[in-house]
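Source file: model.cif; contents: mmCIF, C-alpha atoms.
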data_input
#
loop_
_atom_site.label_atom_id
_atom_site.label_comp_id
_atom_site.auth_asym_id
_atom_site.auth_seq_id
_atom_site.Cartn_x
_atom_site.Cartn_y
_atom_site.Cartn_z
CA GLY A 1 13.38 -17.07 27.92
CA ASN A 2 12.27 -16.77 24.35
CA TYR A 3 9.61 -14.09 24.80
CA ALA A 4 8.98 -13.65 21.06
CA LYS A 5 8.11 -17.35 20.77
CA ALA A 6 5.99 -17.13 23.94
CA ARG A 7 4.06 -14.16 22.46
CA GLU A 8 3.54 -16.07 19.23
CA LEU A 9 2.16 -19.06 21.14
CA PHE A 10 -0.02 -16.87 23.39
CA ASN A 11 -1.36 -15.10 20.31
CA LYS A 12 -2.18 -18.40 18.56
CA GLY A 13 -3.82 -19.68 21.74
CA VAL A 14 -5.98 -16.55 22.08
CA GLU A 15 -6.92 -16.72 18.39
CA ALA A 16 -8.01 -20.34 18.92
CA ASP A 17 -9.87 -19.58 22.16
CA PRO A 18 -10.50 -15.84 22.77
CA MET A 19 -12.31 -16.71 26.03
CA SER A 20 -9.28 -18.47 27.55
CA VAL A 21 -8.85 -16.66 30.85
CA ALA A 22 -5.74 -18.73 31.67
CA MET A 23 -4.07 -17.82 28.35
CA LEU A 24 -4.86 -14.11 28.61
CA LYS A 25 -3.83 -13.99 32.27
CA ALA A 26 -0.49 -15.74 31.60
CA TRP A 27 0.26 -13.47 28.63
CA ALA A 28 -0.57 -10.34 30.63
CA ARG A 29 1.60 -11.54 33.54
CA MET A 30 4.56 -12.05 31.21
CA GLU A 31 4.20 -8.57 29.67
CA LEU A 32 3.85 -7.07 33.15
CA ARG A 33 7.07 -8.78 34.32
CA LEU A 34 8.84 -7.47 31.21
CA GLY A 35 7.61 -3.92 31.92
CA HIS A 36 5.56 -3.64 28.72
CA ILE A 37 2.27 -3.05 30.53
CA ASP A 38 1.23 -1.61 33.89
CA GLU A 39 -0.97 -2.97 36.66
CA SER A 40 -4.03 -0.95 35.64
CA ASN A 41 -7.46 -2.51 35.30
CA GLN A 42 -7.27 -2.50 31.49
CA TRP A 43 -5.03 -5.59 31.76
CA TYR A 44 -7.04 -7.36 34.48
CA VAL A 45 -8.36 -10.79 33.48
CA SER A 46 -11.01 -12.75 35.35
CA SER A 47 -13.34 -15.65 34.67
CA GLN A 48 -16.18 -13.27 35.66
CA MET A 49 -15.50 -11.06 32.63
CA GLY A 50 -17.77 -11.19 29.62
CA LYS A 51 -16.72 -12.02 26.08
CA SER A 52 -16.34 -8.37 25.00
CA LYS A 53 -14.06 -7.46 27.93
CA LEU A 54 -11.88 -10.52 27.41
CA GLY A 55 -11.75 -9.67 23.70
CA ARG A 56 -10.53 -6.14 24.47
CA VAL A 57 -7.73 -7.50 26.69
CA GLY A 58 -6.72 -9.90 23.93
CA GLU A 59 -6.76 -7.08 21.38
CA ARG A 60 -4.57 -4.87 23.60
CA LEU A 61 -2.09 -7.72 24.16
CA GLU A 62 -1.91 -8.28 20.40
CA MET A 63 -1.08 -4.58 19.92
CA VAL A 64 1.63 -4.85 22.61
CA ARG A 65 3.07 -7.84 20.72
CA ARG A 66 3.14 -5.90 17.44
CA LEU A 67 4.68 -2.85 19.08
CA VAL A 68 7.35 -4.80 20.98
CA GLU A 69 8.35 -7.09 18.12
CA GLN A 70 7.84 -4.72 15.15
CA ARG A 71 8.40 -7.52 12.65
CA THR A 72 7.17 -5.38 9.77
CA ALA A 73 6.56 -1.69 9.08
CA ASP A 74 2.89 -2.62 8.86
CA ASP A 75 2.95 -3.66 12.56
CA VAL A 76 3.72 -0.10 13.64
CA LYS A 77 1.07 1.32 11.28
CA GLN A 78 -1.53 -1.08 12.64
CA VAL A 79 -0.67 -0.19 16.24
CA MET A 80 -0.81 3.54 15.48
CA GLY A 81 -4.16 3.13 13.71
CA TRP A 82 -5.49 1.09 16.61
CA LEU A 83 -4.32 3.71 19.12
CA ALA A 84 -6.02 6.46 17.09
CA ARG A 85 -9.28 4.45 17.00
CA GLN A 86 -9.07 3.90 20.78
CA LYS A 87 -8.52 7.63 21.36
CA ASN A 88 -11.42 8.52 19.08
CA GLN A 89 -13.69 6.14 20.97
CA ARG A 90 -12.62 7.61 24.33
CA ASP A 91 -13.22 11.13 23.01
CA LYS A 92 -16.68 10.18 21.74
CA THR A 93 -17.52 8.59 25.09
CA LEU A 94 -16.25 11.65 26.98
CA LEU A 95 -18.21 13.99 24.73
CA SER A 96 -21.41 11.99 25.15
CA GLN A 97 -20.95 12.17 28.94
CA ILE A 98 -20.60 15.96 28.98
CA MET A 99 -23.36 16.66 26.47
CA GLN A 100 -25.90 17.01 29.27
CA VAL A 101 -27.08 20.11 31.12
CA GLY A 102 -24.88 20.79 34.16
CA ASN A 103 -21.96 18.52 33.30
CA ALA A 104 -18.41 19.87 33.57
CA VAL A 105 -15.87 20.02 30.76
CA PRO A 106 -13.01 17.48 31.07
CA GLU A 107 -9.98 19.01 32.78
CA SER A 108 -7.74 17.98 29.87
CA TRP A 109 -9.67 20.16 27.41
CA ALA A 110 -8.33 23.65 26.70
CA GLU A 111 -10.74 26.56 26.30
CA GLY A 112 -10.67 27.95 22.79
CA SER A 113 -9.25 24.68 21.49
CA GLU A 114 -11.67 21.91 22.42
CA PHE A 115 -14.47 24.07 23.83
CA SER A 116 -15.76 27.56 24.40
CA PHE A 117 -18.85 28.55 26.36
CA SER A 118 -20.20 30.01 29.62
CA ASP A 119 -18.01 31.19 32.51
CA GLU A 120 -19.20 28.29 34.68
CA ASN A 121 -17.89 25.71 32.16
CA LYS A 122 -21.28 24.01 32.07
CA PHE A 123 -23.90 23.59 29.43
CA THR A 124 -27.05 25.49 30.19
CA SER A 125 -30.56 25.04 28.88
CA GLY A 126 -30.88 26.43 25.37
CA GLU A 127 -27.12 26.69 24.80
CA VAL A 128 -25.95 25.97 21.27
CA VAL A 129 -23.30 23.29 20.88
CA VAL A 130 -21.10 23.26 17.80
CA MET A 131 -18.98 20.21 17.06
CA ARG A 132 -15.96 20.28 14.79
CA PRO A 133 -13.50 17.53 13.94
CA ALA A 134 -9.90 18.12 14.91
CA VAL A 135 -7.15 18.17 12.31
CA THR A 136 -4.59 15.43 12.88
CA GLN A 137 -1.24 14.75 11.28
CA THR A 138 -1.11 11.51 9.30
CA ALA A 139 1.94 9.27 9.01
CA SER A 140 2.66 10.77 5.57
CA GLY A 141 2.74 14.27 7.06
CA SER A 142 -0.49 15.48 5.45
CA ASN A 143 -3.41 16.79 7.46
CA GLY A 144 -6.30 14.43 7.98
CA ARG A 145 -9.69 14.85 9.59
CA ASN A 146 -10.39 13.14 12.87
CA GLY A 147 -14.04 13.03 13.89
CA GLY A 148 -13.33 11.71 17.39
CA ARG A 149 -12.17 15.00 18.89
CA ALA A 150 -14.88 17.59 19.12
CA GLY A 151 -15.09 21.19 20.14
CA ALA A 152 -18.15 22.66 21.74
CA GLY A 153 -19.03 26.31 21.46
CA GLY A 154 -21.88 28.14 23.04
CA ALA A 155 -24.07 31.00 21.98
#

Mind turning this structure into structure tokens?
Amino acid sequence: GNYAKARELFNKGVEADPMSVAMLKAWARMELRLGHIDESNQWYVSSQMGKSKLGRVGERLEMVRRLVEQRTADDVKQVMGWLARQKNQRDKTLLSQIMQVGNAVPESWAEGSEFSFSDENKFTSGEVVVMRPAVTQTASGSNGRNGGRAGAGGA
């Protein structure tokens, strides 16, 4: 089949009706069959979903389209920017979840890099938390600041 044309039509359909469960579901099924997405819940579409969840699925499918087709150099830049924004949002969410007394540090964080504090790896009452943005490499090779990744240090 002509998958590029199908993606174009799916994209136009979703732009016209972002709440179209049938359109989003059919597009996700096609990308799944082609191996471009997995069966995780982030691609699940249901009529029970709210507008924001359906919108996020549509946004992810649009990024898949741009990444797969790469019609312009701008497509790759937009996907990379979108991925960075998604990572920053996940990091902020993770940080807000651990910024409570007694919560554990995420297993993916390395001591001395993303955090440094008590031997029990938990915040304790009165502990000082220091946040610093991580340095990231931009597409041009220069260092940029990324506020989404934070390090926590204790006193």

| For this file, the PyMOL selection byres ((chain A and resi 23-33) around 7) selects which residues, as a ChimeraX atom specification? | /A:10,13-14,20-22,34-38,43,45,58

| task | Starting from the displayed file, determine the output of the PyMOL selection byres ((chain A and resi 64) around 10) and express the residue list as a PyMOL selection string. | result | chain A and resi 7+28+31+36-37+58-63+65-70+79

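Distance-wise, atom CA of Ala6 of chain A and atom CA of Arg71 of chain A end up 15.0 Å apart.
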
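Of the residues listed (A:Asp17, A:Tyr3, A:Ala110, A:Gly81), A:Asp17 shows the shortest atom-to-atom separation from Leu54 of chain A; distances use all atoms listed in the file.
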
Would you fill out segment 82-93 of chain A with all heavy atoms and return it as a CSV table (one decimal), keeping the file's coordinate frame?
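Written output follows (result31.csv):
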chain,number,residue,atom,x,y,z
A,82,TRP,N,-4.7,1.6,15.5
A,82,TRP,CA,-5.5,1.1,16.6
A,82,TRP,C,-5.5,2.1,17.7
A,82,TRP,O,-6.6,2.4,18.3
A,82,TRP,CB,-4.9,-0.2,17.1
A,82,TRP,CG,-5.6,-0.9,18.2
A,82,TRP,CD1,-6.8,-1.6,18.2
A,82,TRP,CD2,-5.3,-0.8,19.6
A,82,TRP,NE1,-7.2,-2.0,19.4
A,82,TRP,CE2,-6.3,-1.5,20.3
A,82,TRP,CE3,-4.3,-0.2,20.3
A,82,TRP,CZ2,-6.3,-1.7,21.7
A,82,TRP,CZ3,-4.2,-0.3,21.7
A,82,TRP,CH2,-5.2,-1.1,22.4
A,83,LEU,N,-4.4,2.7,18.1
A,83,LEU,CA,-4.3,3.7,19.1
A,83,LEU,C,-5.2,4.9,18.8
A,83,LEU,O,-5.9,5.4,19.6
A,83,LEU,CB,-2.9,4.2,19.4
A,83,LEU,CG,-2.0,3.2,20.1
A,83,LEU,CD1,-0.5,3.7,20.0
A,83,LEU,CD2,-2.4,2.9,21.5
A,84,ALA,N,-5.2,5.3,17.5
A,84,ALA,CA,-6.0,6.5,17.1
A,84,ALA,C,-7.5,6.1,17.2
A,84,ALA,O,-8.3,6.9,17.7
A,84,ALA,CB,-5.7,6.8,15.7
A,85,ARG,N,-7.9,4.9,16.9
A,85,ARG,CA,-9.3,4.4,17.0
A,85,ARG,C,-9.7,4.4,18.5
A,85,ARG,O,-10.8,4.8,18.8
A,85,ARG,CB,-9.5,3.1,16.3
A,85,ARG,CG,-9.5,3.2,14.8
A,85,ARG,CD,-9.9,1.9,14.2
A,85,ARG,NE,-9.1,0.7,14.5
A,85,ARG,CZ,-7.9,0.4,14.0
A,85,ARG,NH1,-7.4,1.2,13.0
A,85,ARG,NH2,-7.3,-0.7,14.3
A,86,GLN,N,-8.8,3.9,19.3
A,86,GLN,CA,-9.1,3.9,20.8
A,86,GLN,C,-9.3,5.3,21.3
A,86,GLN,O,-10.2,5.6,22.1
A,86,GLN,CB,-7.9,3.2,21.5
A,86,GLN,CG,-7.7,1.7,21.2
A,86,GLN,CD,-9.0,0.9,21.4
A,86,GLN,OE1,-9.5,0.9,22.5
A,86,GLN,NE2,-9.4,0.3,20.4
A,87,LYS,N,-8.4,6.2,20.9
A,87,LYS,CA,-8.5,7.6,21.4
A,87,LYS,C,-9.8,8.2,20.9
A,87,LYS,O,-10.5,8.9,21.6
A,87,LYS,CB,-7.3,8.5,20.9
A,87,LYS,CG,-7.4,9.9,21.3
A,87,LYS,CD,-6.3,10.7,20.7
A,87,LYS,CE,-6.3,12.2,21.1
A,87,LYS,NZ,-7.6,12.8,21.2
A,88,ASN,N,-10.2,8.0,19.6
A,88,ASN,CA,-11.4,8.5,19.1
A,88,ASN,C,-12.6,8.0,19.9
A,88,ASN,O,-13.5,8.7,20.2
A,88,ASN,CB,-11.6,8.2,17.6
A,88,ASN,CG,-10.6,8.9,16.7
A,88,ASN,OD1,-10.1,10.0,17.1
A,88,ASN,ND2,-10.4,8.5,15.5
A,89,GLN,N,-12.6,6.7,20.2
A,89,GLN,CA,-13.7,6.1,21.0
A,89,GLN,C,-13.8,6.8,22.4
A,89,GLN,O,-14.9,7.1,22.8
A,89,GLN,CB,-13.5,4.6,21.1
A,89,GLN,CG,-14.7,4.0,21.7
A,89,GLN,CD,-16.0,4.2,21.0
A,89,GLN,OE1,-16.1,4.1,19.8
A,89,GLN,NE2,-17.0,4.6,21.7
A,90,ARG,N,-12.6,7.0,23.0
A,90,ARG,CA,-12.6,7.6,24.3
A,90,ARG,C,-13.2,9.0,24.2
A,90,ARG,O,-13.9,9.5,25.1
A,90,ARG,CB,-11.2,7.6,24.9
A,90,ARG,CG,-10.8,6.3,25.6
A,90,ARG,CD,-9.5,6.5,26.4
A,90,ARG,NE,-8.4,7.0,25.6
A,90,ARG,CZ,-7.6,6.2,24.9
A,90,ARG,NH1,-7.8,4.9,24.8
A,90,ARG,NH2,-6.6,6.8,24.3
A,91,ASP,N,-12.7,9.8,23.2
A,91,ASP,CA,-13.2,11.1,23.0
A,91,ASP,C,-14.7,11.2,22.8
A,91,ASP,O,-15.4,12.0,23.3
A,91,ASP,CB,-12.5,11.8,21.8
A,91,ASP,CG,-11.1,12.2,22.2
A,91,ASP,OD1,-10.7,12.2,23.3
A,91,ASP,OD2,-10.3,12.5,21.2
A,92,LYS,N,-15.2,10.2,22.0
A,92,LYS,CA,-16.7,10.2,21.7
A,92,LYS,C,-17.4,9.9,23.0
A,92,LYS,O,-18.5,10.5,23.3
A,92,LYS,CB,-17.0,9.1,20.7
A,92,LYS,CG,-16.6,9.5,19.3
A,92,LYS,CD,-17.0,8.4,18.3
A,92,LYS,CE,-16.5,8.8,16.9
A,92,LYS,NZ,-16.8,7.7,16.0
A,93,THR,N,-16.9,9.0,23.8
A,93,THR,CA,-17.5,8.6,25.1
A,93,THR,C,-17.5,9.8,26.0
A,93,THR,O,-18.5,10.1,26.7
A,93,THR,CB,-16.8,7.4,25.7
A,93,THR,OG1,-16.8,6.3,24.8
A,93,THR,CG2,-17.4,7.0,27.1
